[in-house]
Amino acid sequence: MNAQHLDDQAQSIRCYEEALRCDADQEEAAWPLCNYYVSEQRWADAEPLAEMLTRRASRRDPAEQLQIQLTMGRIAVALGKGDRAIKAFAAAHALDRANVEAISALALANFEKQDWDNAFKHYQVLLVHHKDELDAEARADLYYRLGVVKSAQGDRRRAANFLEKSLEEYPGYRPALGALIDTHSAGSEWEQAIGYRTQLLDMEDDEEKRFAMLQEIGALWQDKAKNTQKAIQAFAGAAELKPRDHVLLHKLLGLYTESKQWSKVIDVVQRISDLETNQERKARYAYSIASIYNQELKNPDEALTFYNQALDFNPAELKPFAKVNEILTARKDWKSLERGYRAMLKRIINKPDSKELEFSLLHALGLIYRDRLMQPDAALRAFQMASERKPEDLQEHKILAELAARMGNTTEAVTRWQTIAQQDVGNAEAMHAIYDLYYQSHQHDKAWCVAATTSFLLRDRAREDLRAFFEQYRPRKPLQPTGRLTEENWVKQLFHPNEDPVVGKIFAAILGAVRRAKVKPLQQFGFTQKELQDPANTTVALVRSLAQSSQALNLPLPSIFLKPQQQGGLGYVPSEPIASFAGAGLLSGLRPEELAFVAAKHMTYYRNEHYIRVLLPTTQELTVMLLAAIKLVKSDQDVPPESAQAAQTLAPLLAQDPIAVEGLRKVVKYFLEQGGSSNIKKWYQSVELTAARAGFLMCGDLEITRKMLGMEPGLPGDLAPAEKLKDVILFSMSETYFSLRETLGINFQVQSASY
């Protein structure tokens, strides 16, 4: 009554709602109330009413059922419930196969679900049976959606046909244009894609959007269609809309450059520069203009004007000055060049991030002094200053070496060549130069060592006189050291530079405790008296070599047992007292020099800080033990559980040696004060490199060193034999090696009588 006779909709709605509160299945109230909620877009309120109506709709006539299902479908669409919408529209379609709304809504729901087969089926029904019932825009949308479906199904040809028909029905239909752009782009049909983009452009009046579209079109012509002139036209059109757009001007600049339109390039660069306030960027633009005048238009005078303008904007940039240098060099005005370089250095010296520029200027200034003004002293100073700023530059070291040699400064020359040889192992020029400098200054042992290394590395490429000197004084019998290394020799000369001495001292301090935990009495290993060797009276070459290494390297000599029936080489016995055993592999078939290498390398691990590697052979175990040692001194130090457990085990064992306790306390305190961090893997590998150096020191032969390193079994975390050999090669040409040879009495001068 309120709705139909009193025209009081609000009261009617209240009545319907009250009726439904009394009876939730009251259809006569639910249907008008549902329609009201739909009209007000109160979709969530409408949904339960529509669901109830659809459940009970079977008692209604088909026309009413149709409307209920359509309404249910609209509500589901509004709530984003695609599957429910499809179900409702399918029910509506079943009730009335000719209902356009049901077909359209069902097609759209499947389209949005990306159920392409069902979407196509229903759109095809619309196309075949109901096309004439649709207006032009609806027909265009129909063809558009058919095109999208076919595109999604990978049928680009049919997709394009449908989309083109969409435009026939409704020229300029934007969705179809967009889809055609996507379709042709997917097939790399760029001219067609650009053509449809141009249609969209022609329909657009908003300048911002036109600007963006012109840039997109230009980019497609440039990057995809590879048509420079078309790209220029598009970007130029965009530039008319925004003449101050930096990015766009740079795009035009690139295209004008590509097409070699140099006057246009200069014009654009100048426009960009006029917009710029940053001095460094203005300098680059001036430099660009100068380069075009210099290289493309062959106008050096105009180029010089712009190079100088670039320097005015940014004196720290060297490139313009290099070009000024080029022009002035052509005029041979050397004094002006020298003054220009000094002035440039004065502008930038010691400024942040200027090292590279300082290097370049100083190097160039050195060349001017050396090659143009003939002032070697000034050249040496300039090159030295350059090398300080870039010590990794090998060319600078070579220049300094040659200058120093010319001026009679052998030490400086050798140092520079050695730097080159260290960074470029096998550099023939450097190695020959070092040999010549030592030989000419009568440092014959050093000359012979360098000759030996050079012959090893270069083989037939080594100079004949160098190889002859090496062969003439090559030892004819094993080295016989007469001296003995000191602790200082070990730490400062024989240790690899990466072997952290502080970590070594920590391990040495806890070695006694670790030994108490790890080793067993020697008699428990079952060695016999017959297997035990007497180094003083033995005839076994290996044992003599071990004894010799013990003496020369100042290391404790272990008990030595021979196991000729057992395969293998030298091994350590984790015993008290220390002991080593040798298998059949080292008891025959090796030269004394080869045994000297093996013995010295083996003996190196009897140093206290190295023996820890014998007992704890992995980096993981060493790391645990290092942290345990720290925990023993600093009880509140946070360490992993395994290190804490190791500390508990070591504590009573360490307490048996008060001197070791105090030593550990001091070295751990120092370690923590220095930051408390170390690379155990690097230390682990460095100990092995130290051992390889010791082996080479005692055998004196790189060929033997390479052979014996190659025979060793690889261990987890260890370096490859080639890396070990490389380190020994560098060591073989070092001042520390020469000094160690002199300490042991195996240098050239001492041993020359037996060579």
# chains A, B, ... in the order shown; residues from 1 in each chain; ligands from 1
$ residues_around --residues "range 337-353 of chain A" --least-positions-apart "5" --cutoff "12 Å" --atoms "only C-alpha atoms" --output "ChimeraX atom specification"
/A:308,311-312,314-332,358-373,375,378-379,382,385-386,389
$ residues_around --residues "Ala451 in chain A" --least-positions-apart "4" --cutoff "8 Å" --atoms "only C-alpha atoms" --output "number ranges by chain"
A: 435, 447, 455, 466-467, 469-470
$ write_last_selection --atoms "all heavy atoms" --output "compact mmCIF listing (two decimals), in the first residue's frame"
# COMPACT_ATOMS: atom_id res chain seq x y z
N TYR A 435 117.89 -8.82 -13.51
CA TYR A 435 119.15 -9.58 -13.64
C TYR A 435 120.29 -8.65 -14.04
O TYR A 435 121.38 -8.69 -13.45
CB TYR A 435 118.97 -10.69 -14.67
CG TYR A 435 120.28 -11.31 -15.11
CD1 TYR A 435 120.94 -12.22 -14.29
CD2 TYR A 435 120.86 -10.97 -16.33
CE1 TYR A 435 122.15 -12.78 -14.69
CE2 TYR A 435 122.06 -11.51 -16.73
CZ TYR A 435 122.71 -12.42 -15.90
OH TYR A 435 123.92 -12.95 -16.28
N ALA A 447 121.86 -11.88 -8.70
CA ALA A 447 121.77 -12.04 -10.15
C ALA A 447 121.54 -13.50 -10.51
O ALA A 447 120.70 -13.83 -11.37
CB ALA A 447 123.04 -11.52 -10.83
N SER A 455 114.99 -18.36 -15.92
CA SER A 455 115.16 -19.56 -16.76
C SER A 455 114.00 -20.52 -16.54
O SER A 455 113.51 -21.15 -17.49
CB SER A 455 116.49 -20.24 -16.45
OG SER A 455 117.58 -19.38 -16.72
N LEU A 466 121.91 -14.91 -19.87
CA LEU A 466 121.33 -15.15 -18.55
C LEU A 466 121.29 -16.65 -18.26
O LEU A 466 121.69 -17.11 -17.18
CB LEU A 466 119.94 -14.53 -18.49
CG LEU A 466 119.12 -14.72 -17.21
CD1 LEU A 466 118.22 -13.50 -17.00
CD2 LEU A 466 118.24 -15.96 -17.26
N ARG A 467 120.84 -17.43 -19.24
CA ARG A 467 120.77 -18.87 -19.04
C ARG A 467 122.16 -19.48 -18.87
O ARG A 467 122.35 -20.41 -18.09
CB ARG A 467 120.02 -19.53 -20.21
CG ARG A 467 118.52 -19.31 -20.15
CD ARG A 467 117.77 -20.10 -21.21
NE ARG A 467 117.88 -19.48 -22.52
CZ ARG A 467 118.35 -20.08 -23.60
NH1 ARG A 467 118.75 -21.33 -23.54
NH2 ARG A 467 118.40 -19.46 -24.76
N PHE A 469 124.77 -17.98 -17.53
CA PHE A 469 125.23 -17.65 -16.18
C PHE A 469 124.58 -18.57 -15.15
O PHE A 469 125.24 -19.07 -14.23
CB PHE A 469 124.89 -16.18 -15.88
CG PHE A 469 125.33 -15.72 -14.52
CD1 PHE A 469 126.67 -15.56 -14.21
CD2 PHE A 469 124.39 -15.45 -13.53
CE1 PHE A 469 127.06 -15.13 -12.95
CE2 PHE A 469 124.77 -15.03 -12.27
CZ PHE A 469 126.12 -14.87 -11.98
N PHE A 470 123.29 -18.82 -15.34
CA PHE A 470 122.59 -19.71 -14.42
C PHE A 470 123.18 -21.12 -14.47
O PHE A 470 123.47 -21.73 -13.44
CB PHE A 470 121.09 -19.74 -14.77
CG PHE A 470 120.35 -20.90 -14.19
CD1 PHE A 470 120.24 -21.07 -12.82
CD2 PHE A 470 119.74 -21.85 -15.03
CE1 PHE A 470 119.55 -22.15 -12.29
CE2 PHE A 470 119.06 -22.93 -14.49
CZ PHE A 470 118.97 -23.08 -13.13
$ residues_around --residues "Pro497 in chain A" --least-positions-apart "4" --cutoff "12 Å" --atoms "only C-alpha atoms" --output "list of chain:residue names"
A:Trp490, A:Val491, A:Lys492, A:Gln493, A:Pro501, A:Lys682, A:Trp683, A:Gln685, A:Ser686, A:Val687, A:Leu689, A:Thr690, A:Arg693, A:Asp727, A:Phe731, A:Thr736
$ atom_distance --atom1 "CA of Ile746 in chain A" --atom2 "CA of Gly483 in chain A"
8.5 Å
$ closest_residue --among "A:Ala579, A:Leu730, A:Val77, A:Ala193" --to "Val519 in chain A" --atoms "only C-alpha atoms"
A:Ala579
$ residues_around --residues "range 211-215 of chain A" --least-positions-apart "4" --cutoff "9 Å" --atoms "only C-alpha atoms" --output "list in words"
Arg197, Thr198, Leu200, Leu201, Asp206, Glu207, Ala219, Leu220, Ala231, Ala234, Phe235, Ala236, Gly237, Ala238, Ala239, Leu241, Lys242 and Leu248 of chain A
$ write_last_selection --atoms "all heavy atoms" --output "CSV table (one decimal), in the first residue's frame"
chain,number,residue,atom,x,y,z
A,197,ARG,N,49.0,3.7,-32.8
A,197,ARG,CA,49.3,4.6,-31.8
A,197,ARG,C,49.1,6.1,-32.3
A,197,ARG,O,48.7,7.0,-31.6
A,197,ARG,CB,50.8,4.5,-31.3
A,197,ARG,CG,51.0,3.3,-30.3
A,197,ARG,CD,52.5,3.3,-29.8
A,197,ARG,NE,52.7,2.2,-28.9
A,197,ARG,CZ,52.5,2.2,-27.6
A,197,ARG,NH1,52.0,3.4,-27.1
A,197,ARG,NH2,52.7,1.2,-26.9
A,198,THR,N,49.5,6.2,-33.6
A,198,THR,CA,49.3,7.6,-34.2
A,198,THR,C,47.8,7.9,-34.2
A,198,THR,O,47.4,9.1,-34.1
A,198,THR,CB,49.9,7.6,-35.6
A,198,THR,OG1,51.3,7.2,-35.4
A,198,THR,CG2,49.9,9.0,-36.2
A,200,LEU,N,45.6,7.0,-32.1
A,200,LEU,CA,45.3,7.5,-30.7
A,200,LEU,C,45.8,8.9,-30.5
A,200,LEU,O,45.1,9.7,-29.8
A,200,LEU,CB,45.9,6.5,-29.7
A,200,LEU,CG,45.2,5.2,-29.5
A,200,LEU,CD1,46.0,4.3,-28.5
A,200,LEU,CD2,43.8,5.4,-28.9
A,201,LEU,N,47.0,9.2,-31.0
A,201,LEU,CA,47.5,10.5,-30.8
A,201,LEU,C,46.6,11.6,-31.5
A,201,LEU,O,46.4,12.6,-30.9
A,201,LEU,CB,48.9,10.5,-31.5
A,201,LEU,CG,49.6,11.9,-31.5
A,201,LEU,CD1,50.0,12.4,-30.1
A,201,LEU,CD2,50.9,11.8,-32.4
A,206,ASP,N,44.8,16.6,-25.0
A,206,ASP,CA,45.5,17.0,-23.8
A,206,ASP,C,47.0,17.0,-24.1
A,206,ASP,O,47.6,16.0,-24.6
A,206,ASP,CB,45.3,16.0,-22.7
A,206,ASP,CG,45.9,16.4,-21.4
A,206,ASP,OD1,47.1,16.1,-21.2
A,206,ASP,OD2,45.3,17.0,-20.5
A,207,GLU,N,47.7,18.2,-23.9
A,207,GLU,CA,49.1,18.3,-24.3
A,207,GLU,C,50.0,17.4,-23.5
A,207,GLU,O,51.0,16.9,-24.1
A,207,GLU,CB,49.5,19.8,-24.1
A,207,GLU,CG,49.1,20.7,-25.1
A,207,GLU,CD,49.9,22.0,-25.2
A,207,GLU,OE1,50.8,22.2,-24.4
A,207,GLU,OE2,49.6,22.8,-26.0
A,219,ALA,N,60.2,6.5,-29.5
A,219,ALA,CA,61.0,5.4,-28.9
A,219,ALA,C,60.8,4.1,-29.8
A,219,ALA,O,61.8,3.4,-30.0
A,219,ALA,CB,60.7,5.1,-27.5
A,220,LEU,N,59.6,3.9,-30.2
A,220,LEU,CA,59.3,2.7,-31.0
A,220,LEU,C,60.0,2.8,-32.4
A,220,LEU,O,60.6,1.9,-32.9
A,220,LEU,CB,57.8,2.5,-31.2
A,220,LEU,CG,57.1,2.0,-29.9
A,220,LEU,CD1,55.6,2.1,-30.1
A,220,LEU,CD2,57.5,0.6,-29.6
A,231,ALA,N,61.8,8.7,-36.0
A,231,ALA,CA,62.0,8.9,-34.6
A,231,ALA,C,62.2,10.4,-34.3
A,231,ALA,O,61.7,11.0,-33.4
A,231,ALA,CB,63.1,8.1,-34.1
A,234,ALA,N,59.0,12.4,-34.5
A,234,ALA,CA,58.2,12.3,-33.3
A,234,ALA,C,58.8,13.0,-32.2
A,234,ALA,O,58.1,13.8,-31.5
A,234,ALA,CB,58.1,10.8,-33.0
A,235,PHE,N,60.1,12.9,-31.9
A,235,PHE,CA,60.7,13.6,-30.8
A,235,PHE,C,60.7,15.1,-31.0
A,235,PHE,O,60.5,15.8,-30.0
A,235,PHE,CB,62.1,13.1,-30.6
A,235,PHE,CG,62.2,11.7,-30.0
A,235,PHE,CD1,63.0,10.7,-30.5
A,235,PHE,CD2,61.4,11.3,-28.9
A,235,PHE,CE1,63.1,9.4,-29.9
A,235,PHE,CE2,61.4,10.1,-28.3
A,235,PHE,CZ,62.3,9.1,-28.8
A,236,ALA,N,60.9,15.5,-32.2
A,236,ALA,CA,60.8,16.9,-32.5
A,236,ALA,C,59.4,17.5,-32.3
A,236,ALA,O,59.3,18.6,-31.7
A,236,ALA,CB,61.3,17.2,-34.0
A,237,GLY,N,58.4,16.7,-32.6
A,237,GLY,CA,57.0,17.1,-32.3
A,237,GLY,C,56.8,17.3,-30.8
A,237,GLY,O,56.2,18.2,-30.3
A,238,ALA,N,57.4,16.3,-30.0
A,238,ALA,CA,57.3,16.4,-28.6
A,238,ALA,C,58.0,17.6,-28.1
A,238,ALA,O,57.6,18.3,-27.1
A,238,ALA,CB,57.8,15.1,-27.9
A,239,ALA,N,59.2,17.9,-28.7
A,239,ALA,CA,60.0,19.1,-28.2
A,239,ALA,C,59.3,20.4,-28.5
A,239,ALA,O,59.5,21.4,-27.8
A,239,ALA,CB,61.3,19.1,-29.0
A,241,LEU,N,56.2,20.8,-27.9
A,241,LEU,CA,55.3,20.9,-26.8
A,241,LEU,C,56.1,21.3,-25.5
A,241,LEU,O,55.6,22.0,-24.6
A,241,LEU,CB,54.5,19.6,-26.6
A,241,LEU,CG,53.6,19.2,-27.7
A,241,LEU,CD1,53.0,17.8,-27.4
A,241,LEU,CD2,52.5,20.2,-27.8
A,242,LYS,N,57.3,20.7,-25.3
A,242,LYS,CA,58.1,21.0,-24.1
A,242,LYS,C,59.5,21.2,-24.6
A,242,LYS,O,60.4,20.3,-24.5
A,242,LYS,CB,58.0,19.8,-23.2
A,242,LYS,CG,56.7,19.6,-22.5
A,242,LYS,CD,56.8,18.6,-21.4
A,242,LYS,CE,55.4,18.5,-20.7
A,242,LYS,NZ,55.5,17.5,-19.5
A,248,LEU,N,64.2,14.7,-23.3
A,248,LEU,CA,63.8,14.7,-24.7
A,248,LEU,C,64.9,15.3,-25.6
A,248,LEU,O,65.2,14.7,-26.7
A,248,LEU,CB,62.5,15.5,-24.9
A,248,LEU,CG,62.0,15.6,-26.3
A,248,LEU,CD1,61.7,14.2,-26.9
A,248,LEU,CD2,60.7,16.4,-26.3
$ atom_distance --atom1 "CA of Arg706 in chain A" --atom2 "CA of Ala722 in chain A"
8.1 Å
$ residues_around --residues "Asn227 in chain A" --least-positions-apart "5" --cutoff "12 Å" --atoms "only C-alpha atoms" --output "VMD selection string"
chain A and resid 190 to 191 194 217 to 222 232 to 234 255 258 to 259
$ residues_around --residues "Tyr606 in chain A" --least-positions-apart "4" --cutoff "8 Å" --atoms "only C-alpha atoms" --output "list of chain:residue names"
A:Leu555, A:Pro556, A:His602, A:His610, A:Tyr611
$ residues_around --residues "Ala513 in chain A" --least-positions-apart "6" --cutoff "8 Å" --atoms "only C-alpha atoms" --output "VMD selection string"
chain A and resid 650 653 to 654
$ write_last_selection --atoms "N, CA and C atoms" --output "short mmCIF file (atom, residue, chain, number, x, y, z; two decimals), in the first residue's frame"
data_model
loop_
_atom_site.label_atom_id
_atom_site.label_comp_id
_atom_site.auth_asym_id
_atom_site.auth_seq_id
_atom_site.Cartn_x
_atom_site.Cartn_y
_atom_site.Cartn_z
N LEU A 650 89.99 -27.48 27.86
CA LEU A 650 91.37 -27.01 27.88
C LEU A 650 91.77 -26.36 29.20
N LEU A 653 93.87 -28.32 31.61
CA LEU A 653 95.12 -28.73 30.97
C LEU A 653 96.07 -27.56 30.83
N LEU A 654 95.51 -26.39 30.51
CA LEU A 654 96.34 -25.20 30.38
C LEU A 654 96.87 -24.75 31.73
#
$ closest_residue --among "A:Ala541, A:Met52, A:Leu458, A:Cys34" --to "Ala596 in chain A" --atoms "only C-alpha atoms"
A:Ala541
$ select_by_dssp --residues "range 524-629 of chain A" --states "strand (DSSP E)" --output "list of chain:residue names"
A:Ser559, A:Ile560, A:Phe561, A:Leu562, A:Lys563, A:Leu570, A:Gly571, A:Tyr572, A:Val573, A:Ser575, A:Glu576, A:Ala579, A:Ser580, A:Phe581, A:Ala582, A:Gly583
$ write_last_selection --atoms "N, CA, C and O atoms" --output "mmCIF file, in the first residue's frame"
data_model
loop_
_atom_site.group_PDB
_atom_site.id
_atom_site.type_symbol
_atom_site.label_atom_id
_atom_site.label_comp_id
_atom_site.auth_asym_id
_atom_site.auth_seq_id
_atom_site.Cartn_x
_atom_site.Cartn_y
_atom_site.Cartn_z
ATOM 1 N N SER A 559 111.566 -37.860 16.719
ATOM 2 C CA SER A 559 111.950 -39.249 16.499
ATOM 3 C C SER A 559 111.450 -39.652 15.115
ATOM 4 O O SER A 559 110.337 -39.296 14.709
ATOM 5 N N ILE A 560 112.287 -40.389 14.385
ATOM 6 C CA ILE A 560 111.957 -40.717 12.999
ATOM 7 C C ILE A 560 111.893 -42.230 12.855
ATOM 8 O O ILE A 560 112.845 -42.947 13.204
ATOM 9 N N PHE A 561 110.758 -42.716 12.339
ATOM 10 C CA PHE A 561 110.567 -44.146 12.147
ATOM 11 C C PHE A 561 110.348 -44.418 10.663
ATOM 12 O O PHE A 561 109.638 -43.667 9.979
ATOM 13 N N LEU A 562 110.980 -45.466 10.181
ATOM 14 C CA LEU A 562 110.825 -45.855 8.782
ATOM 15 C C LEU A 562 109.893 -47.057 8.694
ATOM 16 O O LEU A 562 110.020 -48.027 9.450
ATOM 17 N N LYS A 563 108.924 -46.962 7.730
ATOM 18 C CA LYS A 563 107.974 -48.054 7.510
ATOM 19 C C LYS A 563 108.049 -48.461 6.036
ATOM 20 O O LYS A 563 107.159 -48.149 5.232
ATOM 21 N N LEU A 570 105.844 -38.856 4.187
ATOM 22 C CA LEU A 570 106.070 -38.466 5.569
ATOM 23 C C LEU A 570 104.746 -38.215 6.285
ATOM 24 O O LEU A 570 103.816 -37.647 5.708
ATOM 25 N N GLY A 571 104.708 -38.614 7.548
ATOM 26 C CA GLY A 571 103.530 -38.343 8.354
ATOM 27 C C GLY A 571 103.920 -37.979 9.772
ATOM 28 O O GLY A 571 105.039 -38.270 10.224
ATOM 29 N N TYR A 572 102.997 -37.304 10.450
ATOM 30 C CA TYR A 572 103.227 -36.904 11.838
ATOM 31 C C TYR A 572 102.561 -37.919 12.769
ATOM 32 O O TYR A 572 101.443 -38.383 12.510
ATOM 33 N N VAL A 573 103.249 -38.251 13.849
ATOM 34 C CA VAL A 573 102.679 -39.125 14.866
ATOM 35 C C VAL A 573 102.179 -38.240 16.007
ATOM 36 O O VAL A 573 102.985 -37.518 16.612
ATOM 37 N N SER A 575 102.053 -37.850 19.058
ATOM 38 C CA SER A 575 102.605 -38.568 20.214
ATOM 39 C C SER A 575 103.385 -37.625 21.122
ATOM 40 O O SER A 575 103.679 -36.480 20.782
ATOM 41 N N GLU A 576 103.731 -38.157 22.257
ATOM 42 C CA GLU A 576 104.639 -37.495 23.193
ATOM 43 C C GLU A 576 105.754 -38.493 23.498
ATOM 44 O O GLU A 576 105.490 -39.572 24.055
ATOM 45 N N ALA A 579 107.124 -37.159 16.973
ATOM 46 C CA ALA A 579 107.687 -38.188 16.105
ATOM 47 C C ALA A 579 107.097 -38.069 14.719
ATOM 48 O O ALA A 579 105.986 -37.561 14.534
ATOM 49 N N SER A 580 107.888 -38.549 13.744
ATOM 50 C CA SER A 580 107.427 -38.629 12.365
ATOM 51 C C SER A 580 107.706 -40.024 11.847
ATOM 52 O O SER A 580 108.607 -40.717 12.345
ATOM 53 N N PHE A 581 106.971 -40.443 10.846
ATOM 54 C CA PHE A 581 107.245 -41.734 10.207
ATOM 55 C C PHE A 581 107.238 -41.529 8.705
ATOM 56 O O PHE A 581 106.625 -40.595 8.179
ATOM 57 N N ALA A 582 107.977 -42.399 8.008
ATOM 58 C CA ALA A 582 108.090 -42.293 6.557
ATOM 59 C C ALA A 582 107.764 -43.628 5.933
ATOM 60 O O ALA A 582 108.250 -44.676 6.375
ATOM 61 N N GLY A 583 106.939 -43.577 4.866
ATOM 62 C CA GLY A 583 106.606 -44.778 4.130
ATOM 63 C C GLY A 583 107.542 -44.987 2.962
ATOM 64 O O GLY A 583 108.498 -44.229 2.730
#
$ atom_distance --atom1 "CA of Pro171 in chain A" --atom2 "CA of Val128 in chain A"
21.5 Å
$ closest_residue --among "A:Asp636, A:Glu101, A:Asp83, A:Glu609" --to "His130 in chain A" --atoms "only C-alpha atoms"
A:Glu101
$ closest_residue --among "A:Asp141, A:Asp115, A:Asp267, A:Glu429" --to "Ala401 in chain A" --atoms "only C-alpha atoms"
A:Glu429
$ decode --residues "range 577-600 of chain A" --atoms "N, CA and C atoms" --output "compact mmCIF listing (two decimals), in the first residue's frame"
# COMPACT_ATOMS: atom_id res chain seq x y z
N PRO A 577 107.01 -38.19 23.10
CA PRO A 577 107.47 -36.98 22.44
C PRO A 577 107.09 -36.94 20.95
N ILE A 578 107.45 -35.85 20.28
CA ILE A 578 107.10 -35.69 18.86
C ILE A 578 107.80 -36.75 18.03
N ALA A 579 107.12 -37.16 16.97
CA ALA A 579 107.69 -38.19 16.10
C ALA A 579 107.10 -38.07 14.72
N SER A 580 107.89 -38.55 13.74
CA SER A 580 107.43 -38.63 12.37
C SER A 580 107.71 -40.02 11.85
N PHE A 581 106.97 -40.44 10.85
CA PHE A 581 107.24 -41.73 10.21
C PHE A 581 107.24 -41.53 8.71
N ALA A 582 107.98 -42.40 8.01
CA ALA A 582 108.09 -42.29 6.56
C ALA A 582 107.76 -43.63 5.93
N GLY A 583 106.94 -43.58 4.87
CA GLY A 583 106.61 -44.78 4.13
C GLY A 583 107.54 -44.99 2.96
N ALA A 584 107.24 -46.01 2.17
CA ALA A 584 108.13 -46.42 1.09
C ALA A 584 108.28 -45.35 0.02
N GLY A 585 107.29 -44.47 -0.13
CA GLY A 585 107.32 -43.48 -1.20
C GLY A 585 108.50 -42.54 -1.15
N LEU A 586 109.12 -42.36 0.04
CA LEU A 586 110.24 -41.42 0.16
C LEU A 586 111.56 -42.12 0.47
N LEU A 587 111.57 -43.41 0.44
CA LEU A 587 112.79 -44.13 0.82
C LEU A 587 113.64 -44.52 -0.37
N SER A 588 113.15 -44.30 -1.57
CA SER A 588 113.96 -44.57 -2.76
C SER A 588 113.36 -43.80 -3.93
N GLY A 589 114.19 -43.56 -4.93
CA GLY A 589 113.72 -42.95 -6.17
C GLY A 589 113.71 -41.44 -6.18
N LEU A 590 114.14 -40.77 -5.11
CA LEU A 590 114.14 -39.32 -5.06
C LEU A 590 115.56 -38.80 -4.91
N ARG A 591 115.82 -37.68 -5.57
CA ARG A 591 117.14 -37.03 -5.46
C ARG A 591 117.27 -36.35 -4.10
N PRO A 592 118.49 -36.13 -3.64
CA PRO A 592 118.70 -35.45 -2.36
C PRO A 592 118.02 -34.08 -2.30
N GLU A 593 118.04 -33.33 -3.44
CA GLU A 593 117.42 -32.01 -3.45
C GLU A 593 115.90 -32.12 -3.26
N GLU A 594 115.32 -33.18 -3.82
CA GLU A 594 113.88 -33.39 -3.66
C GLU A 594 113.55 -33.74 -2.21
N LEU A 595 114.40 -34.55 -1.62
CA LEU A 595 114.20 -34.89 -0.22
C LEU A 595 114.40 -33.67 0.67
N ALA A 596 115.33 -32.78 0.28
CA ALA A 596 115.56 -31.56 1.06
C ALA A 596 114.29 -30.70 1.10
N PHE A 597 113.60 -30.61 -0.04
CA PHE A 597 112.34 -29.85 -0.07
C PHE A 597 111.30 -30.49 0.84
N VAL A 598 111.12 -31.82 0.70
CA VAL A 598 110.11 -32.52 1.49
C VAL A 598 110.40 -32.39 2.97
N ALA A 599 111.68 -32.57 3.33
CA ALA A 599 112.05 -32.54 4.74
C ALA A 599 111.83 -31.16 5.35
N ALA A 600 112.26 -30.11 4.65
CA ALA A 600 112.12 -28.76 5.20
C ALA A 600 110.65 -28.37 5.33
